[in-house]
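J.: Structure: upload.cif, mmCIF, C-alpha atoms and all ligand atoms.
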```
data_structure
#
loop_
_atom_site.label_atom_id
_atom_site.label_comp_id
_atom_site.auth_asym_id
_atom_site.auth_seq_id
_atom_site.Cartn_x
_atom_site.Cartn_y
_atom_site.Cartn_z
CA MET F 146 -83.93 245.09 241.59
CA LYS F 147 -82.52 246.67 238.41
CA ARG F 148 -81.29 250.24 238.79
CA VAL F 149 -82.30 253.19 236.59
CA TYR F 150 -80.59 256.60 236.32
CA SER F 151 -81.42 259.77 234.43
CA GLY F 152 -80.69 263.48 234.79
CA ILE F 153 -81.74 266.83 233.42
CA ARG F 154 -79.66 270.00 233.32
CA ALA F 155 -80.85 273.14 235.11
CA THR F 156 -80.33 275.38 232.08
CA GLY F 157 -83.97 276.54 232.09
CA ARG F 158 -87.48 275.32 232.70
CA LEU F 159 -88.55 271.86 231.53
CA HIS F 160 -89.85 271.83 227.95
CA LEU F 161 -91.85 269.39 225.85
CA GLY F 162 -88.66 267.65 224.66
CA ASN F 163 -87.51 266.93 228.21
CA TYR F 164 -91.00 265.75 229.09
CA PHE F 165 -91.53 263.36 226.17
CA GLY F 166 -87.90 262.23 225.83
CA ALA F 167 -86.96 261.79 229.49
CA VAL F 168 -89.67 262.40 232.11
CA LYS F 169 -92.24 260.09 230.47
CA GLY F 170 -89.65 257.30 230.59
CA MET F 171 -88.87 258.06 234.24
CA LEU F 172 -92.58 257.87 235.08
CA ALA F 173 -92.89 254.54 233.28
CA LEU F 174 -89.99 253.03 235.24
CA GLN F 175 -90.38 254.36 238.78
CA ASP F 176 -92.94 251.69 239.79
CA SER F 177 -90.83 248.67 238.88
CA TYR F 178 -87.17 249.66 239.29
CA ASP F 179 -84.80 251.22 241.81
CA CYS F 180 -84.55 254.69 240.27
CA VAL F 181 -82.32 257.71 240.80
CA PHE F 182 -83.42 260.87 238.99
CA SER F 183 -81.07 263.80 239.14
CA VAL F 184 -80.77 267.49 238.46
CA VAL F 185 -77.33 267.54 236.90
CA ASP F 186 -76.03 270.95 237.98
CA LEU F 187 -72.39 270.04 237.30
CA HIS F 188 -73.29 269.50 233.64
CA THR F 189 -75.25 272.76 233.65
CA ILE F 190 -72.16 274.87 234.34
CA THR F 191 -70.30 273.66 231.24
CA ILE F 192 -72.08 276.33 229.16
CA PRO F 193 -72.42 280.04 230.09
CA TYR F 194 -74.71 280.40 233.14
CA ASP F 195 -75.57 282.79 235.98
CA PRO F 196 -74.26 281.66 239.40
CA LYS F 197 -76.81 283.92 241.09
CA THR F 198 -79.77 281.98 239.71
CA LEU F 199 -78.34 278.46 239.41
CA LYS F 200 -79.57 277.20 242.80
CA GLN F 201 -83.11 278.39 242.13
CA SER F 202 -83.07 276.83 238.65
CA VAL F 203 -82.03 273.51 240.19
CA ARG F 204 -84.91 273.73 242.66
CA GLU F 205 -87.36 274.53 239.86
CA ILE F 206 -86.41 271.28 238.09
CA ILE F 207 -86.95 269.31 241.31
CA ILE F 208 -90.41 270.94 241.55
CA ASP F 209 -91.08 270.11 237.88
CA TYR F 210 -90.11 266.47 238.57
CA LEU F 211 -92.50 266.28 241.52
CA THR F 212 -95.28 267.99 239.60
CA ALA F 213 -94.88 265.66 236.63
CA GLY F 214 -95.49 262.74 238.99
CA LEU F 215 -92.07 261.52 240.12
CA ASP F 216 -92.81 260.20 243.58
CA PRO F 217 -90.05 260.33 246.24
CA LYS F 218 -91.64 257.25 247.85
CA LYS F 219 -90.88 255.29 244.67
CA CYS F 220 -87.65 256.92 243.42
CA HIS F 221 -84.67 258.89 244.71
CA LEU F 222 -84.41 262.53 243.66
CA GLU F 223 -80.87 263.83 243.62
CA ILE F 224 -79.00 267.09 243.06
CA GLN F 225 -75.82 265.90 241.38
CA SER F 226 -73.32 268.25 243.08
CA THR F 227 -74.51 267.22 246.57
CA VAL F 228 -73.34 263.63 245.97
CA LEU F 229 -69.59 264.20 245.79
CA GLN F 230 -68.83 260.71 244.52
CA HIS F 231 -69.96 261.71 240.98
CA VAL F 232 -66.84 263.84 240.57
CA GLU F 233 -64.53 261.31 242.19
CA LEU F 234 -65.71 258.49 239.94
CA ALA F 235 -65.61 260.73 236.86
CA TYR F 236 -61.95 261.54 237.51
CA LEU F 237 -61.04 257.90 238.02
CA LEU F 238 -62.87 256.86 234.83
CA SER F 239 -61.22 259.67 232.85
CA THR F 240 -57.87 257.96 233.41
CA ILE F 241 -58.97 254.95 231.32
CA TYR F 242 -60.59 256.78 228.38
CA GLN F 243 -59.04 258.41 225.33
CA VAL F 244 -59.34 262.15 224.64
CA SER F 245 -59.64 261.69 220.85
CA ARG F 246 -62.91 259.78 221.24
CA LEU F 247 -64.40 262.64 223.30
CA GLU F 248 -63.37 265.24 220.71
CA ASP F 249 -65.38 263.32 218.09
CA LEU F 250 -68.73 263.36 219.89
CA PRO F 251 -71.58 265.33 218.24
CA THR F 252 -72.69 267.29 221.33
CA TYR F 253 -69.15 268.56 221.95
CA LYS F 254 -68.84 269.65 218.32
CA GLU F 255 -72.25 271.39 218.41
CA LYS F 256 -71.50 273.22 221.68
CA LYS F 257 -68.13 274.39 220.32
CA ILE F 258 -70.00 276.07 217.47
CA GLN F 259 -72.75 277.41 219.76
CA TYR F 260 -70.31 278.90 222.32
CA PRO F 261 -66.98 279.43 220.52
CA LYS F 262 -65.63 281.52 223.42
CA TYR F 263 -66.60 278.95 226.05
CA VAL F 264 -64.87 275.76 224.95
CA ASN F 265 -63.82 274.43 228.35
CA MET F 266 -62.45 271.15 229.73
CA GLY F 267 -65.79 270.44 231.44
CA LEU F 268 -67.53 270.39 228.07
CA LEU F 269 -65.10 267.82 226.69
CA TYR F 270 -65.31 265.86 229.95
CA TYR F 271 -69.15 265.91 229.94
CA PRO F 272 -69.62 262.32 228.63
CA VAL F 273 -67.13 260.97 231.22
CA LEU F 274 -69.05 262.66 234.03
CA MET F 275 -72.28 261.34 232.53
CA ALA F 276 -70.83 257.82 232.44
CA ALA F 277 -69.85 258.26 236.08
CA ASP F 278 -73.39 259.49 236.92
CA ILE F 279 -74.84 256.26 235.51
CA LEU F 280 -72.17 253.80 236.63
CA LEU F 281 -72.05 255.24 240.17
CA TYR F 282 -75.45 253.64 240.70
CA LYS F 283 -74.70 250.63 238.47
CA ALA F 284 -77.76 251.62 236.46
CA GLU F 285 -78.81 249.30 233.65
CA LEU F 286 -81.53 251.48 232.11
CA VAL F 287 -81.30 255.17 231.25
CA PRO F 288 -84.49 256.96 230.16
CA VAL F 289 -83.15 259.79 227.95
CA GLY F 290 -83.85 261.23 224.51
CA ILE F 291 -82.17 259.97 221.34
CA ASP F 292 -79.70 262.89 221.44
CA GLN F 293 -78.02 261.16 224.40
CA GLU F 294 -77.40 257.83 222.62
CA PRO F 295 -73.73 258.61 221.78
CA HIS F 296 -73.12 259.41 225.46
CA ILE F 297 -74.70 256.13 226.59
CA GLU F 298 -72.37 254.39 224.16
CA VAL F 299 -69.43 256.11 225.90
CA ALA F 300 -70.75 254.86 229.27
CA ARG F 301 -70.85 251.31 227.86
CA GLU F 302 -67.32 251.61 226.48
CA ILE F 303 -66.03 252.88 229.81
CA ALA F 304 -67.85 250.11 231.71
CA ARG F 305 -66.32 247.46 229.42
CA LYS F 306 -62.83 248.95 229.73
CA PHE F 307 -63.07 249.21 233.51
CA ASN F 308 -64.35 245.62 233.80
CA SER F 309 -61.56 244.29 231.60
CA MET F 310 -58.85 246.19 233.51
CA PHE F 311 -60.05 245.78 237.10
CA GLY F 312 -62.58 242.91 237.10
CA GLN F 313 -66.34 242.74 236.56
CA THR F 314 -67.89 245.77 238.29
CA PHE F 315 -70.30 247.69 236.07
CA PRO F 316 -73.29 246.61 233.96
CA GLN F 317 -73.55 248.01 230.43
CA PRO F 318 -76.34 250.59 230.49
CA GLN F 319 -79.00 250.74 227.77
CA ARG F 320 -81.17 253.68 226.77
CA PHE F 321 -84.86 253.33 227.65
CA LYS F 322 -86.75 254.71 224.64
CA THR F 323 -89.99 256.69 224.80
CA GLU F 324 -92.40 257.50 221.98
CA GLY F 325 -91.28 261.14 221.85
CA ASP F 326 -87.54 260.57 222.12
CA TYR F 327 -86.86 263.30 219.56
CA VAL F 328 -89.02 266.41 219.85
CA PRO F 329 -88.07 268.84 217.09
CA SER F 330 -87.18 272.46 217.65
CA LEU F 331 -89.48 275.40 216.84
CA VAL F 332 -86.69 277.13 214.96
CA GLY F 333 -86.94 274.81 211.96
CA ALA F 334 -83.85 272.68 212.53
CA GLY F 335 -82.43 270.47 215.26
CA LYS F 336 -84.05 269.41 218.52
CA MET F 337 -86.03 271.41 221.06
CA SER F 338 -83.51 272.53 223.71
CA LYS F 339 -83.48 274.78 226.77
CA SER F 340 -80.26 276.35 225.63
CA ILE F 341 -81.50 277.31 222.13
CA SER F 342 -83.75 280.36 222.36
CA GLY F 343 -86.99 280.21 220.40
CA SER F 344 -86.72 276.40 220.11
CA PHE F 345 -88.95 275.30 222.98
CA ILE F 346 -92.35 275.29 224.69
CA ASN F 347 -92.08 275.03 228.48
CA LEU F 348 -94.37 272.91 230.62
CA THR F 349 -95.25 276.08 232.55
CA ASP F 350 -96.25 278.17 229.49
CA ASP F 351 -99.77 279.64 229.34
CA LEU F 352 -101.90 279.58 226.17
CA GLU F 353 -100.80 283.05 225.03
CA THR F 354 -97.11 282.17 225.42
CA ILE F 355 -97.58 278.89 223.54
CA ARG F 356 -99.34 280.80 220.73
CA LYS F 357 -96.50 283.33 220.59
CA ARG F 358 -93.83 280.64 220.52
CA LEU F 359 -95.62 278.75 217.74
CA ALA F 360 -96.19 281.98 215.80
CA GLY F 361 -92.41 282.35 215.62
CA ALA F 362 -91.94 278.84 214.18
CA PRO F 363 -90.89 279.03 210.52
CA THR F 364 -92.82 277.28 207.73
CA ASP F 365 -91.77 276.63 204.17
CA SER F 366 -94.54 278.62 202.53
CA GLY F 367 -92.39 279.23 199.45
CA VAL F 368 -92.44 275.58 198.39
CA ILE F 369 -95.90 274.29 199.30
CA GLY F 370 -97.68 271.62 197.31
CA GLY F 371 -96.66 268.03 196.61
CA GLU F 372 -95.39 265.64 199.25
CA LEU F 373 -94.84 266.89 202.81
CA PRO F 374 -91.19 267.78 203.42
CA LYS F 375 -89.19 265.47 205.71
CA THR F 376 -87.16 268.23 207.37
CA GLY F 377 -87.57 271.93 208.17
CA GLY F 378 -90.24 274.05 209.83
CA THR F 379 -93.31 272.45 208.25
CA ALA F 380 -92.08 268.91 208.92
CA ASN F 381 -91.49 269.87 212.56
CA LEU F 382 -95.03 271.25 212.96
CA PHE F 383 -96.46 268.02 211.57
CA ALA F 384 -94.24 266.03 213.94
CA LEU F 385 -95.78 267.97 216.84
CA LEU F 386 -99.31 267.27 215.53
CA ARG F 387 -98.48 263.55 215.55
CA LEU F 388 -96.87 263.70 218.99
CA PHE F 389 -100.06 265.21 220.41
CA LYS F 390 -102.17 262.60 218.61
CA LEU F 391 -103.94 265.16 216.43
CA ASP F 392 -104.43 262.48 213.77
CA LYS F 393 -107.53 263.92 212.11
CA GLU F 394 -105.93 267.37 211.91
CA CYS F 395 -102.79 265.79 210.53
CA ILE F 396 -104.72 264.23 207.63
CA LYS F 397 -106.65 267.44 206.97
CA PHE F 398 -103.59 269.73 206.97
CA GLU F 399 -101.63 267.28 204.83
CA GLN F 400 -104.43 267.35 202.23
CA ASP F 401 -104.46 271.16 202.45
CA TYR F 402 -100.71 271.21 201.97
CA LYS F 403 -100.91 269.02 198.86
CA ALA F 404 -103.75 271.18 197.49
CA LYS F 405 -101.62 274.31 198.15
CA LYS F 406 -104.20 275.81 200.50
CA ILE F 407 -102.72 275.09 203.92
CA ARG F 408 -103.29 277.82 206.54
CA TYR F 409 -100.48 277.58 209.05
CA SER F 410 -102.27 279.92 211.46
CA GLU F 411 -105.07 277.31 211.76
CA LEU F 412 -102.59 274.48 212.24
CA LYS F 413 -100.71 276.43 214.91
CA GLU F 414 -103.93 277.35 216.73
CA ALA F 415 -105.04 273.69 216.86
CA LEU F 416 -101.62 272.74 218.17
CA ALA F 417 -101.52 275.57 220.75
CA LYS F 418 -104.91 274.62 222.21
CA THR F 419 -104.05 270.91 222.46
CA ILE F 420 -100.64 271.52 224.00
CA PHE F 421 -102.13 273.89 226.56
CA LYS F 422 -104.87 271.40 227.44
CA GLU F 423 -102.25 268.72 228.09
CA LEU F 424 -100.19 271.11 230.25
CA GLN F 425 -103.03 272.58 232.33
CA PRO F 426 -103.22 269.83 235.00
CA PHE F 427 -99.43 270.03 235.38
CA GLN F 428 -99.58 273.78 235.91
CA ALA F 429 -102.35 273.55 238.50
CA LYS F 430 -100.48 270.89 240.47
CA ARG F 431 -97.20 272.81 240.40
CA LYS F 432 -98.62 275.49 242.69
CA GLU F 433 -99.05 272.89 245.48
CA PHE F 434 -95.30 272.30 245.57
CA GLU F 435 -94.39 275.96 245.06
CA ASN F 436 -96.46 276.75 248.15
CA ASN F 437 -94.82 274.05 250.26
CA PRO F 438 -91.06 274.83 250.39
CA THR F 439 -90.53 272.78 253.58
CA LEU F 440 -91.75 269.65 251.82
CA VAL F 441 -89.45 270.30 248.85
CA ASP F 442 -86.48 270.90 251.22
CA SER F 443 -87.08 267.61 253.03
CA ILE F 444 -87.37 265.68 249.74
CA ILE F 445 -84.04 267.16 248.57
CA GLU F 446 -82.35 266.33 251.89
CA GLU F 447 -83.62 262.76 251.96
CA GLY F 448 -82.49 262.22 248.36
CA GLN F 449 -79.02 263.47 249.20
CA ILE F 450 -78.64 261.13 252.19
CA LYS F 451 -79.89 258.01 250.40
CA CYS F 452 -78.02 258.63 247.13
CA SER F 453 -74.73 259.38 248.92
CA ARG F 454 -75.05 256.05 250.73
CA MET F 455 -75.65 254.14 247.48
CA ALA F 456 -72.82 256.02 245.75
CA GLU F 457 -70.35 255.30 248.54
CA GLU F 458 -70.97 251.56 248.22
CA THR F 459 -69.83 251.66 244.58
CA MET F 460 -66.88 253.92 245.38
CA LYS F 461 -65.54 251.60 248.08
CA GLU F 462 -65.45 248.81 245.49
CA VAL F 463 -63.89 251.04 242.80
CA ARG F 464 -61.15 252.45 245.06
CA LEU F 465 -60.25 248.95 246.16
CA LYS F 466 -60.21 247.49 242.64
CA MET F 467 -58.10 250.38 241.30
CA GLY F 468 -55.57 249.83 244.05
CA LEU F 469 -56.14 253.14 245.80
CA VAL F 470 -56.93 251.67 249.21
P1 LIG K 501 -81.70 270.50 227.01
O1 LIG K 501 -81.04 270.23 225.70
O2 LIG K 501 -83.07 271.02 226.84
O3 LIG K 501 -80.87 271.36 227.94
P2 LIG K 501 -80.88 268.30 228.64
O4 LIG K 501 -79.55 268.24 227.96
O5 LIG K 501 -80.92 268.78 230.04
O6 LIG K 501 -81.90 269.13 227.73
O7 LIG K 501 -81.55 266.87 228.56
C1 LIG K 501 -82.43 266.38 229.54
C2 LIG K 501 -83.15 265.18 229.01
O8 LIG K 501 -84.15 265.58 228.07
C3 LIG K 501 -82.26 264.18 228.28
O9 LIG K 501 -82.75 262.88 228.54
C4 LIG K 501 -82.47 264.51 226.83
O10 LIG K 501 -82.23 263.41 225.97
C5 LIG K 501 -83.95 264.87 226.84
N1 LIG K 501 -84.23 265.79 225.74
C6 LIG K 501 -83.77 267.05 225.61
N2 LIG K 501 -84.24 267.61 224.50
C7 LIG K 501 -85.04 266.68 223.90
C8 LIG K 501 -85.82 266.66 222.72
N3 LIG K 501 -85.90 267.72 221.95
N4 LIG K 501 -86.51 265.54 222.43
C9 LIG K 501 -86.47 264.44 223.23
N5 LIG K 501 -85.74 264.41 224.36
C10 LIG K 501 -85.03 265.50 224.70
#
```
What's the structure tokens form of this structure?
Ligand code: ADP
T.:
Amino acid sequence: MKRVYSGIRATGRLHLGNYFGAVKGMLALQDSYDCVFSVVDLHTITIPYDPKTLKQSVREIIIDYLTAGLDPKKCHLEIQSTVLQHVELAYLLSTIYQVSRLEDLPTYKEKKIQYPKYVNMGLLYYPVLMAADILLYKAELVPVGIDQEPHIEVAREIARKFNSMFGQTFPQPQRFKTEGDYVPSLVGAGKMSKSISGSFINLTDDLETIRKRLAGAPTDSGVIGGELPKTGGTANLFALLRLFKLDKECIKFEQDYKAKKIRYSELKEALAKTIFKELQPFQAKRKEFENNPTLVDSIIEEGQIKCSRMAEETMKEVRLKMGLV
């Protein structure tokens, strides 16, 4: 059976971008493939974080996964740092990949600007660790958002290089695309992200919070009329209308925009209500897992045991092929 791998950082609560770009893909694949879905805590610590709350944040993502419908009977749920082979494979793969290529990657460049005082080796090394995450399980499909495409390309390059140097070992992973593989930010530019404040709506947000977050989203009221803009705050609000299938509203507000009489408060209210309606069942179900910590503990433990076993199989082969044993 084909393998699938994907991971989410524990930098905050899951937001709409994570849900549409990654979790929806995971849900679509868990019935037909051998899947490993991870909370990638080792990637989390490459940007400023609080060690006191990290463990709880990791657990919250596991609970979000379960609430969203990832079923431990169908897939393996993993906490990355508990499967030590990720780091071992990442180091071995780093010895066959060039530094200059890593320095050129968009995420590294963005993070350098976002955290100029926190440019660490781990940040540069991120795509190598991500390649190791995927290749450790010989995954062929990776359900992630479009922002991760350059990193999947690195994983393919590393797989090809390894295979050519040491013999056929790894498949070349492909991204599994979802309909919402790019959810725009609420700050008017870029993608929705946990690590950009004001950019996101969390799956656990209540109606008031969603309203507040949308109220802060910029619009381009200075230049209304004519064709809808392709980028910026207004374009992003329309993208959200489309994502939530508010087709009628989309047509109406577009006409209003062209006629220079759009009321963004109305648009945002329609969006807030629809988003909240979609999130309500998720929020009700989450309480079941929050109230059952023993169940969550046993799911985490089982994932660790099974994933370590799968990982060790690959590592035995890699150590042998690289001449280390
Ligand atoms: P974040 O940037 O919010 O910290 P992660 O880096 O942990 O998110 O990414 C977790 C997954 O969610 C990845 O598959 C990523 O591609 C996806 N993802 C993150 N943000 C978005 C977005 N705005 N739109 C679509 N997918 C996204």
J.: Find the spatial neighbours of range 297-308 of chain F, counting all atoms listed in the file, within a cut-off of 12 Å - ignore same-chain residues fewer than 5 positions away - and output them as number ranges by chain.
T.: F: 150-151, 234-235, 237-244, 246-247, 249-250, 270-281, 283-292, 313-321, 463, 466-467
J.: Tell me, in Å to one decimal, how far CA of Ile153 in chain F is from CA of Gly170 in chain F.
T.: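 Between these atoms lies a distance of 12.7 Å.
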J.: Could you please extract the residues within 7 Å of ligand LIG 501 (chain K), counting only C-alpha atoms and all ligand atoms, and hand them back as an NGL selection string?
T.: :F and (151-156 or 160 or 162-167 or 288-293 or 325-330 or 336-340)
J.: Residues at most 8 Å from Asn347 in chain F, counting only C-alpha atoms, excluding those fewer than 5 positions away in the same chain, as a list in words?
T.: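 Skipping anything fewer than 5 positions along the chain leaves Arg158, Leu159, His160 and Leu161 of chain F.
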J.: Selection from above, C-alpha atoms, as an mmCIF file, keeping the file's coordinate frame, can you write it?
T.:
```
data_model
loop_
_atom_site.group_PDB
_atom_site.id
_atom_site.type_symbol
_atom_site.label_atom_id
_atom_site.label_comp_id
_atom_site.auth_asym_id
_atom_site.auth_seq_id
_atom_site.Cartn_x
_atom_site.Cartn_y
_atom_site.Cartn_z
ATOM 1 C CA ARG F 158 -87.480 275.320 232.700
ATOM 2 C CA LEU F 159 -88.550 271.860 231.530
ATOM 3 C CA HIS F 160 -89.850 271.830 227.950
ATOM 4 C CA LEU F 161 -91.850 269.390 225.850
#
```
J.: Give the answer as one residue: which of F:Glu447, F:Gly157, F:Leu211, F:Asp195 has the shortest atom-to-atom distance to Ser342 in chain F, using all atoms listed in the file?
T.: F:Gly157
J.: Kindly provide, as lines of an AutoDock Vina configuration file, the centre and edge lengths (Å, one decimal) of an axis-aligned box around all atoms of range 302-314 of chain F given in the file, with 6 Å on each side.
T.:
```
center_x = -63.4
center_y = 247.8
center_z = 232.4
size_x = 21.0
size_y = 22.1
size_z = 23.8
```
J.: Please indicate the distance in Å from CA of Ser202 in chain F to CA of Lys430 in chain F, rounded to one decimal place.
T.: 18.5 Å
J.: Suppose you want the space between CA of Thr379 in chain F and CA of Pro363 in chain F; what is it in Å?
T.: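 CA of Thr379 in chain F sits 7.4 Å away from CA of Pro363 in chain F.
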